[in-house]
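Q: This one is target05.cif, mmCIF, N, CA and C atoms.
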data_work
#
loop_
_atom_site.label_atom_id
_atom_site.label_comp_id
_atom_site.auth_asym_id
_atom_site.auth_seq_id
_atom_site.Cartn_x
_atom_site.Cartn_y
_atom_site.Cartn_z
N MET A 72 -18.07 9.54 -12.16
CA MET A 72 -18.39 8.14 -12.04
C MET A 72 -19.36 7.99 -10.87
N LYS A 73 -20.47 7.31 -11.12
CA LYS A 73 -21.46 7.08 -10.07
C LYS A 73 -21.35 5.65 -9.57
N LEU A 74 -21.66 5.48 -8.32
CA LEU A 74 -21.68 4.16 -7.72
C LEU A 74 -22.97 3.47 -8.13
N GLN A 75 -22.83 2.28 -8.69
CA GLN A 75 -24.00 1.53 -9.13
C GLN A 75 -24.27 0.41 -8.14
N ILE A 76 -25.47 0.41 -7.60
CA ILE A 76 -25.85 -0.61 -6.64
C ILE A 76 -26.53 -1.74 -7.40
N VAL A 77 -25.98 -2.93 -7.26
CA VAL A 77 -26.52 -4.10 -7.94
C VAL A 77 -27.15 -5.00 -6.88
N LYS A 78 -28.41 -5.29 -7.05
CA LYS A 78 -29.11 -6.10 -6.06
C LYS A 78 -29.18 -7.56 -6.46
N ASP A 79 -28.65 -7.90 -7.63
CA ASP A 79 -28.68 -9.29 -8.07
C ASP A 79 -27.62 -10.08 -7.31
N GLN A 80 -27.93 -11.31 -7.01
CA GLN A 80 -26.98 -12.20 -6.34
C GLN A 80 -26.01 -12.76 -7.38
N ALA A 81 -24.74 -12.83 -7.02
CA ALA A 81 -23.74 -13.41 -7.92
C ALA A 81 -23.82 -14.93 -7.85
N ASP A 82 -23.70 -15.56 -9.01
CA ASP A 82 -23.69 -17.02 -9.00
C ASP A 82 -22.28 -17.51 -8.66
N GLU A 83 -22.11 -18.79 -8.56
CA GLU A 83 -20.83 -19.38 -8.13
C GLU A 83 -19.71 -19.06 -9.11
N ASN A 84 -20.00 -19.09 -10.41
CA ASN A 84 -18.96 -18.79 -11.41
C ASN A 84 -18.49 -17.33 -11.31
N THR A 85 -19.43 -16.42 -11.14
CA THR A 85 -19.07 -15.00 -11.01
C THR A 85 -18.24 -14.79 -9.75
N PHE A 86 -18.61 -15.44 -8.68
CA PHE A 86 -17.87 -15.33 -7.43
C PHE A 86 -16.45 -15.86 -7.59
N GLN A 87 -16.28 -17.01 -8.23
CA GLN A 87 -14.95 -17.57 -8.44
C GLN A 87 -14.12 -16.70 -9.37
N GLU A 88 -14.74 -16.10 -10.40
CA GLU A 88 -14.03 -15.17 -11.29
C GLU A 88 -13.51 -13.98 -10.50
N TRP A 89 -14.36 -13.44 -9.64
CA TRP A 89 -13.97 -12.29 -8.84
C TRP A 89 -12.82 -12.65 -7.90
N ARG A 90 -12.90 -13.82 -7.30
CA ARG A 90 -11.83 -14.25 -6.39
C ARG A 90 -10.50 -14.39 -7.13
N GLU A 91 -10.52 -14.80 -8.38
CA GLU A 91 -9.29 -14.97 -9.16
C GLU A 91 -8.77 -13.65 -9.72
N GLU A 92 -9.66 -12.69 -9.99
CA GLU A 92 -9.24 -11.43 -10.61
C GLU A 92 -8.77 -10.39 -9.60
N ASP A 93 -9.33 -10.40 -8.40
CA ASP A 93 -9.02 -9.39 -7.41
C ASP A 93 -7.63 -9.65 -6.80
N TYR A 94 -6.76 -8.64 -6.87
CA TYR A 94 -5.37 -8.81 -6.42
C TYR A 94 -5.28 -9.11 -4.93
N MET A 95 -5.99 -8.35 -4.11
CA MET A 95 -5.92 -8.55 -2.67
C MET A 95 -6.58 -9.86 -2.25
N ASN A 96 -7.64 -10.22 -2.92
CA ASN A 96 -8.36 -11.44 -2.56
C ASN A 96 -7.60 -12.69 -2.99
N LYS A 97 -6.85 -12.58 -4.07
CA LYS A 97 -6.11 -13.74 -4.58
C LYS A 97 -4.92 -14.07 -3.68
N MET A 98 -4.41 -13.05 -2.95
CA MET A 98 -3.26 -13.21 -2.05
C MET A 98 -2.04 -13.78 -2.79
N ASP A 99 -1.79 -13.23 -3.98
CA ASP A 99 -0.64 -13.65 -4.78
C ASP A 99 0.57 -12.76 -4.46
N PHE A 100 0.73 -12.43 -3.18
CA PHE A 100 1.83 -11.59 -2.73
C PHE A 100 2.14 -11.95 -1.28
N ASN A 101 3.24 -11.42 -0.78
CA ASN A 101 3.61 -11.67 0.61
C ASN A 101 3.12 -10.50 1.45
N PRO A 102 2.13 -10.70 2.33
CA PRO A 102 1.59 -9.58 3.10
C PRO A 102 2.62 -8.92 4.01
N LEU A 103 3.59 -9.70 4.51
CA LEU A 103 4.61 -9.12 5.37
C LEU A 103 5.39 -8.04 4.63
N VAL A 104 5.75 -8.32 3.39
CA VAL A 104 6.51 -7.34 2.60
C VAL A 104 5.65 -6.13 2.30
N MET A 105 4.41 -6.37 1.91
CA MET A 105 3.55 -5.26 1.48
C MET A 105 3.14 -4.34 2.64
N PHE A 106 2.87 -4.90 3.80
CA PHE A 106 2.32 -4.09 4.88
C PHE A 106 3.31 -3.79 6.01
N VAL A 107 4.50 -4.39 6.00
CA VAL A 107 5.48 -4.14 7.06
C VAL A 107 6.80 -3.64 6.50
N VAL A 108 7.38 -4.37 5.57
CA VAL A 108 8.73 -4.03 5.09
C VAL A 108 8.73 -2.74 4.29
N ILE A 109 7.84 -2.60 3.34
CA ILE A 109 7.82 -1.39 2.50
C ILE A 109 7.53 -0.13 3.32
N PRO A 110 6.50 -0.13 4.20
CA PRO A 110 6.31 1.07 5.03
C PRO A 110 7.49 1.36 5.96
N THR A 111 8.17 0.33 6.45
CA THR A 111 9.33 0.55 7.31
C THR A 111 10.46 1.22 6.53
N ILE A 112 10.68 0.78 5.30
CA ILE A 112 11.71 1.40 4.47
C ILE A 112 11.37 2.86 4.18
N VAL A 113 10.10 3.13 3.89
CA VAL A 113 9.68 4.51 3.63
C VAL A 113 9.89 5.38 4.88
N GLN A 114 9.50 4.86 6.04
CA GLN A 114 9.68 5.62 7.28
C GLN A 114 11.16 5.86 7.58
N ALA A 115 11.98 4.84 7.40
CA ALA A 115 13.41 5.00 7.65
C ALA A 115 14.01 6.04 6.69
N GLY A 116 13.58 6.01 5.44
CA GLY A 116 14.06 7.01 4.47
C GLY A 116 13.67 8.42 4.87
N CYS A 117 12.43 8.59 5.33
CA CYS A 117 11.99 9.92 5.78
C CYS A 117 12.79 10.38 6.98
N LEU A 118 13.06 9.47 7.91
CA LEU A 118 13.84 9.82 9.09
C LEU A 118 15.27 10.23 8.71
N ILE A 119 15.87 9.50 7.77
CA ILE A 119 17.22 9.83 7.32
C ILE A 119 17.26 11.19 6.63
N PHE A 120 16.27 11.45 5.76
CA PHE A 120 16.23 12.75 5.08
C PHE A 120 15.97 13.90 6.06
N MET A 121 15.14 13.65 7.08
CA MET A 121 14.88 14.67 8.09
C MET A 121 16.17 14.98 8.86
N GLY A 122 16.91 13.93 9.24
CA GLY A 122 18.18 14.14 9.92
C GLY A 122 19.18 14.86 9.04
N GLY A 123 19.21 14.52 7.76
CA GLY A 123 20.10 15.21 6.83
C GLY A 123 19.75 16.68 6.69
N ALA A 124 18.47 16.98 6.67
CA ALA A 124 18.05 18.38 6.58
C ALA A 124 18.46 19.15 7.84
N MET A 125 18.35 18.49 9.01
CA MET A 125 18.77 19.16 10.25
C MET A 125 20.28 19.40 10.26
N LEU A 126 21.05 18.42 9.80
CA LEU A 126 22.50 18.60 9.74
C LEU A 126 22.88 19.70 8.76
N LEU A 127 22.20 19.74 7.64
CA LEU A 127 22.47 20.78 6.64
C LEU A 127 22.13 22.16 7.20
N ASN A 128 21.01 22.28 7.89
CA ASN A 128 20.64 23.56 8.49
C ASN A 128 21.65 23.97 9.56
N THR A 129 22.13 23.02 10.34
CA THR A 129 23.13 23.31 11.37
C THR A 129 24.42 23.79 10.72
N ALA A 130 24.81 23.13 9.62
CA ALA A 130 26.05 23.51 8.95
C ALA A 130 25.95 24.87 8.29
N ILE A 131 24.80 25.21 7.77
CA ILE A 131 24.65 26.49 7.05
C ILE A 131 24.42 27.64 8.01
N PHE A 132 23.55 27.48 8.99
CA PHE A 132 23.09 28.60 9.82
C PHE A 132 23.75 28.69 11.18
N ALA A 133 24.60 27.76 11.55
CA ALA A 133 25.21 27.85 12.89
C ALA A 133 26.68 28.16 12.80
#
Rewrite the coordinates I just gave you, this time as structure tokens.

A:
Amino acid sequence: MKLQIVKDQADENTFQEWREEDYMNKMDFNPLVMFVVIPTIVQAGCLIFMGGAMLLNTAIFA
């Protein structure tokens, strides 16, 4: 896939269509959940699994 550079200016209708179609631009979501809560849950899960792996290694090899 090649990047196509378009030098034509978008008219008002095209601009409004793009604003309605683009997910991030439409802001039809809660940014706090998307950028704070979900990454925090992922990080906490990784920390828990890392701790579990350490406990398992201690139980097996010590």

Q: What's the separation between atom C of Asp99 in chain A and CA of Gln87 in chain A, in Å to one decimal place?

A: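 Pair atom C of Asp99 in chain A / CA of Gln87 in chain A returns 16.7 Å.
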
Q: Between atom N of Val107 in chain A and CA of Ile119 in chain A, what distance in Å does the model show, to one decimal?

A: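 Taking atom N of Val107 in chain A and CA of Ile119 in chain A, their separation equals 19.1 Å.
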
Q: Write out as an NGL selection string all residues of range 72-128 of chain A that backbone DSSP assigns to alpha helix (DSSP H).

A: :A and (83-92 or 94-97 or 102-103 or 109-128)

Q: Figure out the distance between CA of Met98 in chain A and CA of Val77 in chain A, please, to one decimal in Å.

A: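 CA of Met98 in chain A lies 25.7 Å from CA of Val77 in chain A.
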
Q: Using all atoms of range 99-109 of chain A listed in the file and a margin of 6 Å per side, can you give the axis-aligned box centre and edge lengths in Å to one decimal, as JSON?

A:
{"center_x": 3.5, "center_y": -6.9, "center_z": 1.1, "size_x": 22.5, "size_y": 25.5, "size_z": 23.8}
